[in-house]
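Engineer: Structure supplied as run-v1.txt; contents: compact mmCIF, C-alpha atoms.
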# COMPACT_ATOMS: atom_id res chain seq x y z
CA MET A 731 5.97 -15.13 4.58
CA PRO A 732 7.34 -13.46 7.74
CA ARG A 733 7.61 -9.69 7.77
CA ASN A 734 11.21 -8.53 7.32
CA ALA A 735 12.79 -5.91 9.56
CA LEU A 736 13.26 -2.49 8.00
CA GLY A 737 17.03 -2.81 7.83
CA LYS A 738 16.90 -5.96 5.77
CA GLY A 739 15.13 -4.31 2.85
CA LEU A 740 17.66 -1.46 2.89
CA GLU A 741 20.60 -3.84 3.28
CA ALA A 742 19.71 -5.42 -0.04
CA LEU A 743 20.16 -2.04 -1.72
CA ILE A 744 23.25 -0.78 0.14
CA PRO A 745 26.05 -3.35 -0.18
CA GLY A 746 28.01 -3.73 3.01
CA ALA A 747 25.41 -2.12 5.25
CA SER A 748 24.55 -4.06 8.39
CA THR A 749 21.01 -5.31 8.96
CA ASP A 750 20.32 -2.51 11.44
CA VAL A 751 22.13 0.23 9.54
CA LEU A 752 19.39 2.82 9.97
CA GLU A 753 18.33 1.76 13.44
CA VAL A 754 21.36 1.41 15.67
CA GLN A 755 24.60 1.78 13.71
CA ARG A 756 26.24 5.14 14.39
CA SER A 757 29.59 4.35 12.73
CA GLY A 758 30.06 6.66 9.73
CA THR A 759 27.43 9.07 11.05
CA ARG A 760 27.99 12.82 10.88
CA ASP A 761 25.95 15.81 12.04
CA ILE A 762 24.83 18.00 9.14
CA PRO A 763 22.99 21.34 9.29
CA ILE A 764 19.25 20.91 8.84
CA ALA A 765 19.23 24.04 6.68
CA GLN A 766 21.32 22.15 4.12
CA VAL A 767 18.92 19.19 3.94
CA ALA A 768 16.06 18.98 1.45
CA PRO A 769 13.10 16.55 1.61
CA ASN A 770 12.96 13.43 -0.53
CA PRO A 771 11.34 14.27 -3.91
CA PHE A 772 10.30 10.61 -4.24
CA GLN A 773 8.55 10.51 -0.85
CA PRO A 774 5.60 8.08 -1.26
CA ARG A 775 3.62 9.49 1.67
CA SER A 776 0.92 11.96 0.69
CA ARG A 777 0.11 12.62 4.37
CA PHE A 778 2.15 12.71 7.55
CA ASP A 779 -0.09 12.05 10.56
CA GLU A 780 0.04 15.23 12.63
CA VAL A 781 -0.49 13.54 16.00
CA SER A 782 2.20 10.95 15.33
CA LEU A 783 4.62 13.60 14.07
CA ASN A 784 4.02 15.76 17.16
CA GLU A 785 4.67 12.76 19.39
CA LEU A 786 7.95 12.09 17.59
CA THR A 787 8.87 15.78 17.89
CA ALA A 788 8.29 15.68 21.66
CA SER A 789 10.43 12.53 21.91
CA ILE A 790 13.24 14.12 19.90
CA LYS A 791 13.12 17.24 22.07
CA ALA A 792 13.57 15.03 25.13
CA THR A 793 16.17 12.54 23.89
CA GLY A 794 17.54 13.84 20.59
CA VAL A 795 17.58 12.05 17.24
CA LEU A 796 18.63 8.53 18.20
CA GLN A 797 18.49 7.03 14.70
CA PRO A 798 20.46 8.74 11.91
CA VAL A 799 18.72 9.62 8.67
CA LEU A 800 20.09 8.47 5.33
CA VAL A 801 20.99 11.27 2.89
CA ARG A 802 22.70 11.78 -0.45
CA ARG A 803 24.68 14.75 -1.75
CA ILE A 804 23.11 17.00 -4.38
CA ALA A 805 24.62 19.37 -6.92
CA ASP A 806 24.31 22.60 -4.89
CA GLY A 807 26.47 21.14 -2.11
CA GLY A 808 23.56 20.29 0.13
CA PHE A 809 21.86 16.99 0.92
CA GLN A 810 18.60 15.20 0.15
CA ILE A 811 16.77 12.83 2.49
CA VAL A 812 16.77 9.25 1.21
CA ALA A 813 15.19 7.59 4.25
CA GLY A 814 14.08 8.96 7.61
CA GLU A 815 11.93 11.91 6.54
CA ARG A 816 9.68 11.73 9.64
CA ARG A 817 12.75 12.11 11.86
CA PHE A 818 13.97 14.98 9.67
CA ARG A 819 10.61 16.78 9.86
CA ALA A 820 10.32 16.19 13.61
CA ALA A 821 13.85 17.55 14.17
CA GLN A 822 12.86 20.65 12.20
CA LEU A 823 9.75 21.10 14.34
CA ALA A 824 11.85 20.58 17.49
CA GLY A 825 14.06 23.50 16.43
CA PHE A 826 17.25 21.47 15.98
CA GLU A 827 19.99 23.07 13.88
CA SER A 828 21.64 19.78 12.87
CA ILE A 829 20.74 16.13 12.50
CA PRO A 830 22.83 12.91 12.58
CA ALA A 831 23.05 11.42 9.10
CA ILE A 832 24.69 8.67 7.08
CA VAL A 833 25.80 9.91 3.67
CA ARG A 834 25.55 7.44 0.78
CA GLU A 835 25.99 7.66 -2.99
CA VAL A 836 22.50 6.80 -4.21
CA ASP A 837 21.06 7.32 -7.71
CA ASP A 838 17.43 8.26 -8.40
CA ARG A 839 16.30 4.65 -8.91
CA GLU A 840 17.85 3.47 -5.64
CA MET A 841 16.54 6.56 -3.84
CA LEU A 842 12.99 5.86 -4.97
CA GLU A 843 13.29 2.22 -3.95
CA LEU A 844 14.79 3.00 -0.54
CA ALA A 845 12.16 5.64 0.25
CA ILE A 846 9.30 3.33 -0.71
CA ILE A 847 10.68 0.30 1.14
CA GLU A 848 11.23 2.29 4.33
CA ASN A 849 7.68 3.60 4.22
CA VAL A 850 5.73 0.49 3.21
CA GLN A 851 7.36 -1.49 5.99
CA ARG A 852 5.88 0.92 8.55
CA GLU A 853 2.51 0.07 10.08
CA ASP A 854 1.16 3.65 9.88
CA LEU A 855 1.30 4.08 6.10
CA ASN A 856 -2.23 4.43 4.75
CA PRO A 857 -3.36 1.67 2.32
CA ILE A 858 -3.49 3.93 -0.75
CA ASP A 859 0.00 5.34 -0.24
CA GLU A 860 1.18 1.76 0.35
CA ALA A 861 -0.45 0.65 -2.92
CA LYS A 862 1.04 3.63 -4.78
CA GLY A 863 4.43 2.73 -3.33
CA TYR A 864 4.13 -0.79 -4.72
CA GLN A 865 2.99 0.63 -8.06
CA SER A 866 6.06 2.88 -8.19
CA LEU A 867 8.32 -0.10 -7.51
CA VAL A 868 6.65 -1.88 -10.42
CA SER A 869 6.36 0.98 -12.92
CA SER A 870 9.38 3.17 -12.07
CA VAL A 871 11.88 0.68 -10.65
CA GLY A 872 10.79 -2.21 -12.88
CA LEU A 873 10.23 -4.85 -10.19
CA THR A 874 7.81 -7.75 -10.58
CA HIS A 875 5.20 -8.42 -7.92
CA ASP A 876 7.36 -11.27 -6.63
CA GLU A 877 10.37 -8.95 -6.35
CA VAL A 878 8.29 -6.30 -4.57
CA SER A 879 7.10 -8.98 -2.15
CA ALA A 880 10.69 -10.01 -1.41
CA ARG A 881 11.85 -6.39 -0.95
CA VAL A 882 9.15 -5.38 1.53
CA GLY A 883 8.74 -8.72 3.31
CA LYS A 884 5.06 -9.21 2.54
CA HIS A 885 3.28 -12.09 0.82
CA ARG A 886 2.80 -11.59 -2.89
CA THR A 887 -0.98 -11.85 -2.50
CA ALA A 888 -0.92 -8.93 -0.04
CA VAL A 889 0.99 -6.84 -2.58
CA THR A 890 -1.43 -7.69 -5.41
CA ASN A 891 -4.50 -7.09 -3.23
CA ALA A 892 -3.09 -3.70 -2.19
CA LEU A 893 -2.55 -2.74 -5.83
CA ARG A 894 -6.18 -3.59 -6.62
CA LEU A 895 -7.26 -0.64 -4.44
CA LEU A 896 -5.90 1.68 -7.12
CA GLY A 897 -8.76 0.49 -9.33
CA LEU A 898 -11.24 2.34 -7.09
CA PRO A 899 -12.55 5.78 -8.13
CA VAL A 900 -10.28 8.61 -6.95
CA GLU A 901 -12.85 9.84 -4.42
CA VAL A 902 -13.08 6.38 -2.87
CA GLN A 903 -9.29 6.14 -2.75
CA GLU A 904 -9.32 9.44 -0.84
CA MET A 905 -11.77 7.95 1.68
CA VAL A 906 -9.43 5.00 2.22
CA SER A 907 -6.40 7.30 2.39
CA ARG A 908 -8.06 9.49 5.06
CA GLY A 909 -9.16 6.44 7.02
CA THR A 910 -12.91 7.08 6.71
CA LEU A 911 -13.03 3.74 4.90
CA THR A 912 -10.64 0.83 5.43
CA ALA A 913 -8.84 -1.25 2.83
CA GLY A 914 -11.36 -4.01 3.67
CA HIS A 915 -14.21 -1.68 2.72
CA GLY A 916 -12.39 -0.82 -0.50
CA ARG A 917 -11.88 -4.46 -1.48
CA ALA A 918 -15.56 -5.22 -0.81
CA ILE A 919 -16.67 -2.27 -2.95
CA LEU A 920 -14.44 -3.46 -5.79
CA GLY A 921 -16.93 -6.31 -6.21
CA LEU A 922 -19.27 -3.85 -7.95
CA GLU A 923 -18.74 -3.62 -11.69
CA SER A 924 -18.93 0.10 -12.49
CA GLN A 925 -17.06 2.96 -10.87
CA ALA A 926 -20.34 4.84 -10.55
CA ASP A 927 -21.76 1.99 -8.45
CA GLN A 928 -18.55 1.81 -6.43
CA LEU A 929 -18.63 5.54 -5.67
CA ALA A 930 -22.31 5.48 -4.72
CA ALA A 931 -21.78 2.48 -2.45
CA ALA A 932 -18.72 4.07 -0.81
CA ARG A 933 -20.60 7.28 -0.03
CA TYR A 934 -23.50 5.30 1.41
CA VAL A 935 -21.25 3.03 3.48
CA GLN A 936 -19.35 6.02 4.85
CA SER A 937 -22.53 7.92 5.73
CA LYS A 938 -23.95 4.90 7.57
CA GLY A 939 -20.71 3.89 9.25
CA PHE A 940 -21.02 0.33 7.98
CA SER A 941 -18.55 -2.33 9.04
CA VAL A 942 -16.69 -4.32 6.37
CA ARG A 943 -19.10 -7.23 6.90
CA ARG A 944 -22.15 -5.02 6.37
CA THR A 945 -20.47 -3.52 3.30
CA GLU A 946 -19.97 -6.99 1.87
CA ALA A 947 -23.64 -7.74 2.52
CA LEU A 948 -24.65 -4.50 0.78
CA VAL A 949 -22.54 -5.36 -2.27
CA ASN A 950 -24.04 -8.86 -2.30
CA ARG A 951 -27.55 -7.44 -2.33
CA LYS A 952 -26.71 -5.06 -5.17
CA LEU A 953 -25.20 -7.87 -7.21
CA ARG A 954 -28.15 -10.14 -6.52
CA ARG A 955 -30.66 -7.51 -7.63
CA ARG A 956 -28.72 -6.83 -10.81
CA GLN A 957 -28.46 -10.53 -11.60
CA THR A 958 -32.18 -10.96 -10.99
CA LYS A 959 -32.93 -8.21 -13.52
CA THR A 960 -30.52 -9.47 -16.18
CA ARG A 961 -30.89 -13.22 -15.81
CA GLY A 962 -34.64 -13.48 -15.33
CA SER A 963 -35.44 -17.13 -14.84
CA ARG A 964 -32.01 -18.24 -13.59
CA PRO A 965 -32.39 -20.48 -10.50
CA ALA A 966 -32.00 -18.58 -7.24
CA GLU A 967 -29.49 -21.11 -5.92
CA ILE A 968 -27.22 -20.53 -8.94
CA ALA A 969 -27.38 -16.75 -8.51
CA ASP A 970 -26.62 -17.16 -4.81
CA LEU A 971 -23.57 -19.31 -5.56
CA GLU A 972 -22.36 -16.74 -8.09
CA ASN A 973 -22.68 -14.00 -5.47
CA LYS A 974 -20.68 -16.00 -2.96
CA LEU A 975 -17.95 -16.76 -5.49
CA GLN A 976 -17.78 -13.11 -6.58
CA GLN A 977 -17.32 -11.98 -2.99
CA ARG A 978 -14.80 -14.71 -2.25
CA PHE A 979 -12.62 -14.04 -5.30
CA ALA A 980 -13.43 -10.34 -5.93
CA THR A 981 -14.22 -10.80 -9.59
CA ARG A 982 -17.25 -11.46 -11.81
CA VAL A 983 -18.29 -15.14 -11.85
CA LEU A 984 -20.82 -16.83 -14.12
CA ILE A 985 -22.13 -20.37 -13.61
CA ARG A 986 -23.44 -21.95 -16.81
CA ALA A 987 -25.46 -25.00 -15.89
CA GLY A 988 -26.25 -27.65 -18.52
CA ARG A 989 -28.40 -30.74 -18.47
CA LYS A 990 -25.64 -32.96 -17.05
CA GLY A 991 -22.87 -30.56 -16.17
CA GLY A 992 -21.80 -27.03 -16.88
CA LYS A 993 -18.96 -24.62 -16.40
CA VAL A 994 -17.93 -21.85 -14.05
CA GLU A 995 -16.39 -18.74 -15.64
CA PHE A 996 -14.15 -16.35 -13.71
CA GLU A 997 -13.29 -12.99 -15.27
CA TYR A 998 -9.81 -11.49 -14.87
CA TYR A 999 -8.60 -8.09 -15.98
CA SER A 1000 -4.83 -8.39 -16.30
CA HIS A 1001 -2.07 -10.97 -16.11
CA ASP A 1002 -1.48 -10.02 -12.46
CA ASP A 1003 -5.18 -10.44 -11.72
CA LEU A 1004 -5.06 -13.93 -13.27
CA GLU A 1005 -2.07 -14.79 -11.09
CA ARG A 1006 -3.99 -13.56 -8.04
CA LEU A 1007 -6.83 -15.99 -8.85
CA LEU A 1008 -4.41 -18.85 -9.49
CA GLU A 1009 -2.81 -18.20 -6.10
CA ALA A 1010 -6.23 -18.17 -4.44
CA TRP A 1011 -6.97 -21.55 -6.03
CA ALA A 1012 -3.56 -22.86 -4.85
CA VAL A 1013 -2.55 -23.54 -8.47
CA ILE A 1014 0.68 -21.56 -8.13
Write the structure described by the file as structure tokens, please.
Structural biologist:
Amino acid sequence: MPRNALGKGLEALIPGASTDVLEVQRSGTRDIPIAQVAPNPFQPRSRFDEVSLNELTASIKATGVLQPVLVRRIADGGFQIVAGERRFRAAQLAGFESIPAIVREVDDREMLELAIIENVQREDLNPIDEAKGYQSLVSSVGLTHDEVSARVGKHRTAVTNALRLLGLPVEVQEMVSRGTLTAGHGRAILGLESQADQLAAARYVQSKGFSVRRTEALVNRKLRRRQTKTRGSRPAEIADLENKLQQRFATRVLIRAGRKGGKVEFEYYSHDDLERLLEAWAVI
């Protein structure tokens, strides 16, 4: 599925807005005092990259705020950022007294959805904040994974795989959020069954600076050793196939061989996890 432009996701939520409403349209824009603007309480970002924000601040000092922010009115007569918080923060740092804005009537549900969609469609959002954004769209807005996929312009599998990162221990999520581990590392570590094993592996991988491929190999070795201990006389080729399947599909796999045939069992942990497997098998 091709990645949608930012404006398209917002257009779906603001009837009558053009595709590029937040990027180039200045009609209906007004300058409002920055002192009257409050941040978005539903902001999905837990971190704003300092280097990137300083670069944006320098650009705004040189050329001004070229893209208006989207705001809504609040009870005290001021405004709240709906979308464009990086521009708002950069304008503050640049010492501007006012900022160009488009004022819209937006309720809390729409505000949450707009803020998340704007952020998850940016390349610099860290994988954990992206996953938490998707989770908010599911739990707070009530969207299905398919609807989230359509809103943000990403394949449904990408959305589901991102959400799986939230199954990691909190400390490992922090590593991914800070960028000391990548989402690829996180998905590899999810192949381990217990959170204690996942945390130990993450700390080891981070300390050694392992690549994702080496992390996958480490997880494979751990799984192989555990299977050797618990399955005793199981043929090595069966255990090896189970390891490969577990890494390929990121779930526990058991091959039960009989005299003439057998069966392969895949574990799943939720309806969404089952759908992820069915998609991987090209069943749906």
Engineer: At what distance in Å, to one decimal, does CA of Ala792 in chain A lie from CA of Val850 in chain A?
Structural biologist: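 We find that CA of Val850 in chain A and CA of Ala792 in chain A lie 27.4 Å from each other.
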Engineer: Give me, as a PDB file with C-alpha atoms, keeping the file's coordinate frame, all polymer residues having an atom no more than 7 Å from range 804-811 of chain A, counting only C-alpha atoms and skipping those fewer than 6 positions away in the same chain.
Structural biologist:
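The resulting file, selection26.pdb, is shown below:
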ATOM      1  CA  GLN A 766      21.320  22.150   4.120  1.00  0.00           C
ATOM      2  CA  VAL A 767      18.920  19.190   3.940  1.00  0.00           C
ATOM      3  CA  ALA A 768      16.060  18.980   1.450  1.00  0.00           C
ATOM      4  CA  PRO A 769      13.100  16.550   1.610  1.00  0.00           C
ATOM      5  CA  ASN A 770      12.960  13.430  -0.530  1.00  0.00           C
TER       6      ASN A 770
END
Engineer: Rounded to one decimal place, report the CA of Ile847 in chain A-CA of Leu898 in chain A distance in Å.
Structural biologist: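 According to the coordinates, CA of Ile847 in chain A and CA of Leu898 in chain A are separated by 23.5 Å.
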Engineer: As an exercise, work out the distance from CA of Leu911 in chain A to CA of Ala932 in chain A in Å and give it to one decimal place.
Structural biologist: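 According to the coordinates, CA of Leu911 in chain A and CA of Ala932 in chain A are separated by 8.1 Å.
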Engineer: List as a tab-separated table every residue of range 835-907 of chain A that is in contact with range 913-919 of chain A, defined as an atom at most 7 Å from one of its atoms (using only C-alpha atoms), together with the nearest atom pair and the distance in Å rounded to one decimal, sorted by chain and then rising number.
Structural biologist:
residue	atom	partner	partner_atom	distance
A:Pro857	CA	A:Ala913	CA	6.2
A:Leu895	CA	A:Gly916	CA	6.5
A:Val906	CA	A:Ala913	CA	6.3
Engineer: Which is closer to Glu901 in chain A than all the others in A:Ala926, A:Val801, A:Val994, A:Ile790, using only C-alpha atoms?
Structural biologist: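 Of A:Ala926, A:Val801, A:Val994, A:Ile790, the one nearest Glu901 in chain A is A:Ala926, counting only C-alpha atoms.
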Engineer: Counting only C-alpha atoms, which residue out of A:Ala931, A:Leu1004, A:Val812, A:Leu855 sits closest to Thr890 in chain A?
Structural biologist: A:Leu1004
Engineer: Counting all atoms listed in the file, which of A:Ala813, A:Ile1014, A:Leu920, A:Leu844 gets nearest to Val871 in chain A?
Structural biologist: A:Leu844
Engineer: Box in all listed atoms of range 944-952 of chain A, axis-aligned, with 5 Å more on each side; write out centre and edge lengths in Å to one decimal as AutoDock Vina command-line options.
Structural biologist:
--center_x -23.8 --center_y -6.2 --center_z 0.6 --size_x 17.6 --size_y 15.3 --size_z 21.5
Engineer: For the point (19.3, 11.7, 14.6) in file coordinates, what residues are within 7 Å, counting all atoms listed in the file? Give the answer as a PyMOL selection string?
Structural biologist: chain A and resi 794-799+829-831
Engineer: Counting only C-alpha atoms, which residue out of A:Val868, A:Val781, A:Val900, A:Ile968 sits closest to Leu842 in chain A?
Structural biologist: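 Of all the options, A:Val868 lies closest to Leu842 in chain A.
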Engineer: Between A:Gly909, A:Pro899, A:Pro965, A:Gly921, single out the one closest to Ala980 in chain A, counting only C-alpha atoms.
Structural biologist: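 The answer is A:Gly921, which sits nearest to Ala980 in chain A.
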Engineer: For Glu1005 in chain A, which residue out of A:Thr910, A:Gly991, A:Asn891, A:Lys938 is the nearest one, using all atoms listed in the file?
Structural biologist: A:Asn891
